[in-house]
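Heads up: the structure comes next, in structure tokens.
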Amino acid sequence: MTTAARKAPDFLRKSVIYQLFLRAFTREGTLKEAEKMLPHLSDLGIDLIYLCPVTLADDDADLAFWSPRQKASGMDNPQNPYRVKDYFALDPEYGSAADLKEFVQAAHALGIRVMLDLVYYHCGPKANLIEEHPDFVRRDPEGRICNGEWCFPELDFSNPALREYLWGNMEYFVREFQVDGYRIDVASPKIPVDFFEEAHRRLEVLNPDIFLLAESQHPDNQRSAYDLEYDHGSCSILRRIFLENASPALLQQDRLRLETEFPSGARFMSFIENHDTANNDYENRLERKLGHRGKDAMLTILFALKEIPMLYNGEEAADDNRHSLWANRFHGKNLTIKWENLRMPFGERRYRLLRHLIHLHRTESAFYEGSVEWLGGDEVFALCRTGESGRFLCAVNPRGEVRTLETPLPSGGSWNPDAVVLREGVCAVQNGSCLQLTLEPYGYLITKL
Amino acid sequence: MKQEVRKAPEFLANSVVYQLFLRPFTTEGTLKGAEKMLPHLAELGVDIVYLTPVVEADDDGNQDFWSPRQKACGLGNPKNPYRMKDYFQIDPEYGTDEDLEKFVKAAHELGLRVLLDLVYLHCGPKANLIEEHPDFVKRDKDGKVENGPWLFPALNFDNPKLREYLWSNMEYFIRKFDVDGYRCDVASSLPVDFWEEGRRRIEALKPDVILLSEGERPEDQLHAFDFNYSFKTAYALQDVFLKGDSPRKLMENWNMLAEAFPSGARFIHYFESHDIVSDNEEKRMEKVLGPEAVEAALAVIFGLNGIPFLYNGQEVADETRHSIWGNRFYGKVFHINWENALTPVGRRRLEFVRDLIDLRHSEEILTNGSLEWIENDQLIVFKRTLGERTLLIAVNPAAHAVEEEIAFRVGRVTEVEFLLERGGSLIPQGERSRISLLPYGFFMAEV
């Protein structure tokens with residue numbers, strides 16, 4: 001690729017993102033309660049919160065407009081946070097406009113930025129925008145509304161008036177609530193990228209540090225519209241490796257793809273779980289399928305990568321509870337994060353591990369901007385991160401069995417037990433210019449060379 | 001000359017008890033889940049974990065045998081943990097024999113003792129003991145089973161075989177599970193000689209076993225029990241905080257108990273228990289009074305002579321409704337709001353409770369010092385004395401600031417030193433002292 005990605009605010013690469021899905025985050029699921037938890041996120045080291053949609057969800061009960069997932073959830077809740085009724089109103093389920101303002105203010109006071117979630121691909125069947133502007137949604141030649149992929153009315157981006165309306169919406173939350181950026185649901189190519197190019201320009205006027213995150217992966221995303229996009233491979237490939245015994249080399253190949261198929265300097269947000277995977281896993285959350293130790297190892301490799309890591313709602317507490325997009329204080333039972341885990345040994349261990357990994361990502365240039373050199377074989381992840389702050393070896397065993405690895409040390413590098421940053425179940429011996437590692441099931445090591 | 005209470009194991013005096021009610025303790029409400037929380041309790045500093053009943057509850061759906069509370073709770077759960085079907089089985093709702101064994105073992109490894117809860121006044125209408133031994137329950141002249149005050153069949157302590165049966169039940173959990181003692185439900189309503197013999201038998205298995213009587217019968221501590229509930233002080237404390245009753249009520253009730261009981265009697269002091277919390281429904285103390293008030297009440301409890309008793313989640317200022325009948329199958333969300341441990345209010349509470357327990361463990365004056373009330377109109381004030389030392393403890397139970405002049409001479413020549421203080425000051429004025437306390441303020445002052 002010859003083109004380069006657009007310039008993004010500098011803090012972005014050093015950030016660790018936390019997806020905060022209100023409904024599952026606290027029992028009440030409100031902005032007010034979430035605000036009380038901000039010191040916890042700040043202690044963890046989070047500096048960027050991505051808040052799932054807080055605008056008014058459509059409560060239309062017509063099942064014809066419910067997605068298959070919504071029907072399958074068994075929660076009987078008409079309100080899908082990703083099916084918006086009013087783009088300018090806060091959903092009273094979460095609180096008031098004043099609550100959102102206070103939330104953002106409190107986050108800022110702790111040095112945390114806040115991203116809202118914009119759902120512009122479609123809207124609810126009873127969205128007030130359809131009534132007020134019948135030409136804002138796509139229609140067939142007979143004038144019937146066209147539904148998009150999830151059975152909801154699709155917005156019509158060929159209508160300049162709709163574009164103005166939504167730009168106004170994006171400006172509104174930056175101006176009135178001082179939000180710092182947006183996560184764009186669905187994004188390219190379903191929503192034209194030029195819409196967001198203009199959006200970026202307009203928002204920069206209000207806040208030069210504004211940033212946009214695309215949920216999609218598309219080569220056009222970062223030319224000038226987006227600052228960051230999803231790295232879906234981190235989620236799906238890590239699962240294949242850890243759960244289905246696929247080779248760690250798959251991840252390496254996928255990273256290569258990111259380097260070759262996207263503009264140079266493109267930034268990606270890596271993750272293991274999000275509201276969708278958590279919802280779709282039902283009772284069988286990754287923590288349960290893989291066990292907490294396996295998940296520890298998975299998070300360690302996630303943070304060893306070059307991408308910008310995102311944590312999902314409660315991963316820091318090793319939460320293994322079912323979350324549903326449709327469960328809240330009115331629907332479903334006990335589907336919120338099990339915060340009690342943080343009072344238990346495995347939860348405390350997870351919290352300490354993540355605090356450490358977050359600290360590395362935010363402070364060590366080797367992690368937030370360093371180069372990556374893959375050293376691993378077919379069974380073990382091993383890679384070297386090198387930056388101004390030095391060189392780090394990261395090794396992770398994705399298997400539930402002991403594995404060994406012999407890897408040549410990079411020139412000038414040597415094994416020094418005193419330089420270990422993180423170690424769980426790993427034995428290392430230097431043999432000439434080689435390092436021999438024995439990794440217990442899901443063992444991991446990060447060490448300075 | 002007043003009688004003396006029996007000698008209790010030495011550790012008891014400076015122990016702190018934690019009531020662990022499994023159903024609201026974790027999301028699942030199992031022994032396994034609770035076991036993972038034991039390090040949390042150990043870190044908090046708790047010494048004794050009192051586990052509400054874990055033996056099999058009767059699932060009889062006939063509402064004639066449901067207590068009014070059970071019907072009123074609206075959850076439709078037939079199983080009341082205090083209405084037993086089988087005294088020797090662990091209820092699968094909580095886990096297995098093995099889970100209880102592991103729980104106790106893990107607790108012991110952390111230096112925690114475990115009390116089980118014995119419910120011997122009555123049993124469930126379908127208790128297998130009724131079928132196997134029809135004469136174990138009280139019957140009227142026509143042979144009909146007689147129900148006790150909660151509408152459940154009353155056990156017949158006139159029958160020596162029933163006594164043998166229950167003594168072996170007490171022995172069973174010590175022998176098989178290594179538990180450290182029992183909290184005995186409605187104990188004062190059962191013959192004291194039953195408990196005295198029970199104690200002799202289990203002491204043979206474990207010399208430092210402890211027994212807690214849920215009742216206020218003065219004879220309890222002569223030979224059978226190590227400590228008692230103190231409903232009188234607990235209710236007075238609630239009335240002072242909730243209704244604004246005079247703090248004198250607390251002193252008077254305290255004195256009544258002290259007078260009635262043999263000298264040296266030990267009582268637990270608490271602000272909440274499973275009963276209080278279940279009955280308060282949505283009106284938890286934390287909500288009605290606010291966390292500051294609960295902290296002031298805890299300062300009283302930890303300052304008094306006796307054994308402080310914490311309830312399930314009080315250490316994180318839990319404000320959730322708990323129901324005796326709410327569990328993972330019934331009711332919506334009735335378990336401890338552990339997210340509080342991450343919020344400013346909950347963090348402060350955790351730290352505060354830790355501080356209180358530390359004080360209890362380090363200051364002998366709090367555990368062994370004598371107690372004397374200092375009468376006044378608005379504040380809870382008492383002094384603790386041990387040897388040369390005197391602690392003055394003052395708590396404002398009101399939501400407004402209070403200044404009081406009390407008849408107390410500060411003996412100390414150097415400046416007053418606070419062991420604990422929130423929004424309070426003490427100014428010596430010769431024979432008297434002036435106390436100022438902010439709303440729900442308190443202090444423990446070395447004077």
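We label chains A, B, ... in the order they appear in the structure tokens, count residues from 1 in each chain, and number ligands from 1 in the order shown.
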
Counting only C-alpha atoms, which residues of chain A come no farther than 6 Å from chain B, as an mmCIF file with C-alpha atoms, in the first residue's frame?
data_model
loop_
_atom_site.group_PDB
_atom_site.id
_atom_site.type_symbol
_atom_site.label_atom_id
_atom_site.label_comp_id
_atom_site.auth_asym_id
_atom_site.auth_seq_id
_atom_site.Cartn_x
_atom_site.Cartn_y
_atom_site.Cartn_z
ATOM 1 C CA LYS A 36 -19.323 5.606 40.881
ATOM 2 C CA MET A 37 -17.204 2.886 39.304
ATOM 3 C CA HIS A 40 -12.109 1.554 39.749
ATOM 4 C CA LYS A 333 -32.110 -12.168 36.255
ATOM 5 C CA TRP A 339 -18.083 -8.106 40.846
ATOM 6 C CA GLU A 340 -17.752 -10.479 43.787
ATOM 7 C CA ARG A 343 -12.916 -10.442 46.193
ATOM 8 C CA MET A 344 -11.863 -13.937 45.120
#

Residue set, region 245-436 of chain A restricted to alpha helix (DSSP H), as a ChimeraX atom specification: /A:249-261,275-280,286-290,292-304,345-363,365-368

Test item, strand (DSSP E) assignment across region 201-328 of chain B, answer as a PyMOL selection string: chain B and resi 210-213+227-228+268-269+307-311

Could the residues in this selection be saved with C-alpha atoms as an mmCIF file, in the first residue's frame?
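Output contents, as saved in selection_39.cif:
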data_model
loop_
_atom_site.group_PDB
_atom_site.id
_atom_site.type_symbol
_atom_site.label_atom_id
_atom_site.label_comp_id
_atom_site.auth_asym_id
_atom_site.auth_seq_id
_atom_site.Cartn_x
_atom_site.Cartn_y
_atom_site.Cartn_z
ATOM 1 C CA ILE B 210 -18.296 -22.415 71.044
ATOM 2 C CA LEU B 211 -22.045 -22.097 71.346
ATOM 3 C CA LEU B 212 -24.067 -18.985 70.662
ATOM 4 C CA SER B 213 -27.614 -18.772 71.930
ATOM 5 C CA PHE B 227 -22.463 -16.019 74.402
ATOM 6 C CA ASN B 228 -25.961 -14.802 73.692
ATOM 7 C CA ILE B 268 -23.046 -10.231 70.392
ATOM 8 C CA HIS B 269 -23.760 -6.706 69.180
ATOM 9 C CA ILE B 307 -18.565 -9.533 70.495
ATOM 10 C CA PRO B 308 -19.113 -7.434 67.359
ATOM 11 C CA PHE B 309 -21.238 -9.131 64.762
ATOM 12 C CA LEU B 310 -21.237 -8.170 61.087
ATOM 13 C CA TYR B 311 -23.891 -9.181 58.632
#

Residues near Phe103 (chain B), cut-off 7 Å, only C-alpha atoms, skip fewer than 4 positions along chain, as a ChimeraX atom specification: /B:31,35,99,107

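Closest approach to Gly369 (chain B) among B:Lys105, B:Phe136, B:Ala13, B:Pro125 is made by B:Ala13 (distances from only C-alpha atoms).
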